[in-house]
Every structure is written in structure tokens, then in C-alpha cells.
>>> print(open('target-v9.pdb').read())   # PDB, C-alpha atoms
ATOM      1  CA  MET A 147      95.137 129.988 133.294
ATOM      2  CA  ALA A 148      94.686 132.810 130.772
ATOM      3  CA  ALA A 149      97.540 131.429 128.668
ATOM      4  CA  THR A 150      95.905 127.984 128.605
ATOM      5  CA  ARG A 151      92.605 129.463 127.451
ATOM      6  CA  PHE A 152      94.497 131.055 124.561
ATOM      7  CA  LEU A 153      96.877 128.210 123.681
ATOM      8  CA  ILE A 154      94.327 125.383 123.463
ATOM      9  CA  PRO A 155      92.158 127.054 120.759
ATOM     10  CA  LEU A 156      95.323 128.208 118.977
ATOM     11  CA  GLY A 157      96.670 124.638 118.985
ATOM     12  CA  ILE A 158      93.383 123.281 117.662
ATOM     13  CA  PHE A 159      93.312 125.946 114.946
ATOM     14  CA  ILE A 160      96.887 125.170 113.878
ATOM     15  CA  GLY A 161      96.105 121.435 113.778
ATOM     16  CA  VAL A 162      92.984 121.927 111.655
ATOM     17  CA  ALA A 163      94.829 124.370 109.380
ATOM     18  CA  ALA A 164      97.645 121.835 108.896
ATOM     19  CA  PHE A 165      95.175 119.099 107.905
ATOM     20  CA  LEU A 166      93.390 121.462 105.508
ATOM     21  CA  PHE A 167      96.668 122.618 103.971
ATOM     22  CA  LYS A 168      97.816 119.028 103.462
ATOM     23  CA  GLY A 169      94.473 117.945 102.001
ATOM     24  CA  LEU A 170      94.128 120.929  99.698
ATOM     25  CA  SER A 171      97.692 120.592  98.423
ATOM     26  CA  LEU A 172      97.044 117.078  97.049
ATOM     27  CA  ASP A 173      96.357 116.615  93.331
ATOM     28  CA  PRO A 174      92.687 115.556  92.972
ATOM     29  CA  LYS A 175      93.459 113.886  89.618
ATOM     30  CA  GLU A 176      95.955 111.543  91.246
ATOM     31  CA  VAL A 177      94.284 108.520  92.769
ATOM     32  CA  PRO A 178      96.824 106.465  94.680
ATOM     33  CA  SER A 179      96.020 102.796  94.212
ATOM     34  CA  PRO A 180      98.164  99.701  93.873
ATOM     35  CA  LEU A 181      95.666  98.358  91.301
ATOM     36  CA  ILE A 182      96.108 101.078  88.655
ATOM     37  CA  GLY A 183      97.933  99.687  85.637
ATOM     38  CA  LYS A 184      97.491  96.087  86.795
ATOM     39  CA  ALA A 185      95.433  93.362  85.166
ATOM     40  CA  ALA A 186      91.959  92.779  86.567
ATOM     41  CA  PRO A 187      91.519  89.632  88.644
ATOM     42  CA  ASP A 188      89.842  86.727  86.893
ATOM     43  CA  PHE A 189      86.064  86.623  87.205
ATOM     44  CA  ALA A 190      83.034  85.099  85.491
ATOM     45  CA  LEU A 191      79.628  86.596  86.270
ATOM     46  CA  PRO A 192      76.129  85.832  84.984
ATOM     47  CA  LEU A 193      74.497  88.482  82.813
ATOM     48  CA  LEU A 194      71.519  90.265  84.337
ATOM     49  CA  SER A 195      69.479  89.735  81.178
ATOM     50  CA  ASN A 196      70.281  85.998  80.909
ATOM     51  CA  SER A 197      71.640  84.215  83.967
ATOM     52  CA  GLU A 198      72.772  81.207  81.908
ATOM     53  CA  THR A 199      75.184  83.347  79.881
ATOM     54  CA  ARG A 200      78.356  84.309  81.697
ATOM     55  CA  PHE A 201      80.564  87.369  81.278
ATOM     56  CA  ALA A 202      84.268  87.040  82.053
ATOM     57  CA  ASN A 203      87.205  89.400  81.867
ATOM     58  CA  SER A 204      88.753  87.016  79.328
ATOM     59  CA  ASP A 205      85.967  88.122  76.919
ATOM     60  CA  MET A 206      87.394  91.644  76.962
ATOM     61  CA  VAL A 207      91.082  90.924  76.289
ATOM     62  CA  GLY A 208      92.528  93.638  74.050
ATOM     63  CA  LYS A 209      89.563  95.986  74.538
ATOM     64  CA  VAL A 210      89.134  99.059  76.717
ATOM     65  CA  TRP A 211      86.407  98.433  79.278
ATOM     66  CA  LEU A 212      84.975  99.736  82.504
ATOM     67  CA  LEU A 213      83.558  97.526  85.236
ATOM     68  CA  ASN A 214      81.500  99.569  87.684
ATOM     69  CA  VAL A 215      80.658  97.815  90.945
ATOM     70  CA  PHE A 216      77.995  99.620  92.954
ATOM     71  CA  ALA A 217      75.212  99.074  95.449
ATOM     72  CA  SER A 218      71.570  99.879  94.729
ATOM     73  CA  TRP A 219      71.307 101.794  98.023
ATOM     74  CA  CYS A 220      74.286 104.046  97.167
ATOM     75  CA  GLY A 221      73.035 107.536  96.208
ATOM     76  CA  PRO A 222      76.155 108.694  94.301
ATOM     77  CA  CYS A 223      76.269 105.320  92.523
ATOM     78  CA  LEU A 224      72.708 105.820  91.286
ATOM     79  CA  ASP A 225      73.584 109.351  90.144
ATOM     80  CA  GLU A 226      76.579 108.182  88.109
ATOM     81  CA  HIS A 227      74.823 105.164  86.553
ATOM     82  CA  PRO A 228      73.078 107.054  83.677
ATOM     83  CA  ILE A 229      76.358 108.782  82.829
ATOM     84  CA  ILE A 230      78.206 105.482  82.630
ATOM     85  CA  VAL A 231      75.407 103.927  80.555
ATOM     86  CA  ASN A 232      75.805 106.783  78.035
ATOM     87  CA  PHE A 233      79.403 105.662  77.479
ATOM     88  CA  ALA A 234      78.205 102.232  76.321
TER      89      ALA A 234
END
>>> encode(input="target-v9.pdb", output="C-alpha cells")
Amino acid sequence: MAATRFLIPLGIFIGVAAFLFKGLSLDPKEVPSPLIGKAAPDFALPLLSNSETRFANSDMVGKVWLLNVFASWCGPCLDEHPIIVNFA
């Protein structure tokens, strides 16, 4: 009984430590994604300022561009929006 009271917390601690070690050993600059380096899928979206004018990825061929998709209820998205606008 006394050994069980000692081994269960020790096992939990070792498990948590292993997850922390694995997570902290990853490179935060490396974002694993199968989409990096691939062409963007085709799209055509209306502009917010003029819904009759459409914006498509074919308009940006040969240019460096950033398409940020976010939700208005997303706090971090709202925080990053002014920073991204400054890039424009």
C-alpha cells in the first residue's frame, strides 16, 4: 500500500516531465505543415469595400502576399490585425 502511494505520483510526475521535455525540445520556428511551399488553392472573393469587385489568387501571381483568415470573435486574431495591416 505504501509503495502504491509513492509509485502513482512518481509515475504521473515522470509522464508529465516526459511530455514537457518533448514539447520544450521542439523548435518553435519550425511549423510542420503539408501546405508550406505549396501553391495556394484557387479562390475568388469579393472585396469588403466593393462586393462587385472580386479578388483572386491569380491576381497575385509572381508577388509575395499574405492571406490572413480570422474570425471577428478571435481575441489573438484581433490583436495581430493592426500588425498585419502595418505590413500593407
>>> residues_around(input="target-v9.pdb", residues="range 205-207 of chain A", least_positions_apart="3", cutoff="12 Å", atoms="all atoms listed in the file", output="MDAnalysis selection string")
chainID A and resid 185:186 188:191 200:202 210:213
>>> atom_distance(input="target-v9.pdb", atom1="CA of Pro180 in chain A", atom2="CA of Asp225 in chain A")
26.7 Å
>>> atom_distance(input="target-v9.pdb", atom1="CA of Gly208 in chain A", atom2="CA of Ile182 in chain A")
16.8 Å
>>> closest_residue(input="target-v9.pdb", among="A:Ile160, A:Pro187, A:Leu153, A:Pro174", to="Asn203 in chain A", atoms="all atoms listed in the file")
A:Pro187
>>> atom_distance(input="target-v9.pdb", atom1="CA of Ile230 in chain A", atom2="CA of Ser218 in chain A")
14.9 Å
>>> axis_aligned_box(input="target-v9.pdb", around="range 161-172 of chain A", padding_each_side="6 Å", output="lines of an AutoDock Vina configuration file")
center_x = 95.4
center_y = 120.7
center_z = 105.4
size_x = 16.8
size_y = 19.3
size_z = 28.7
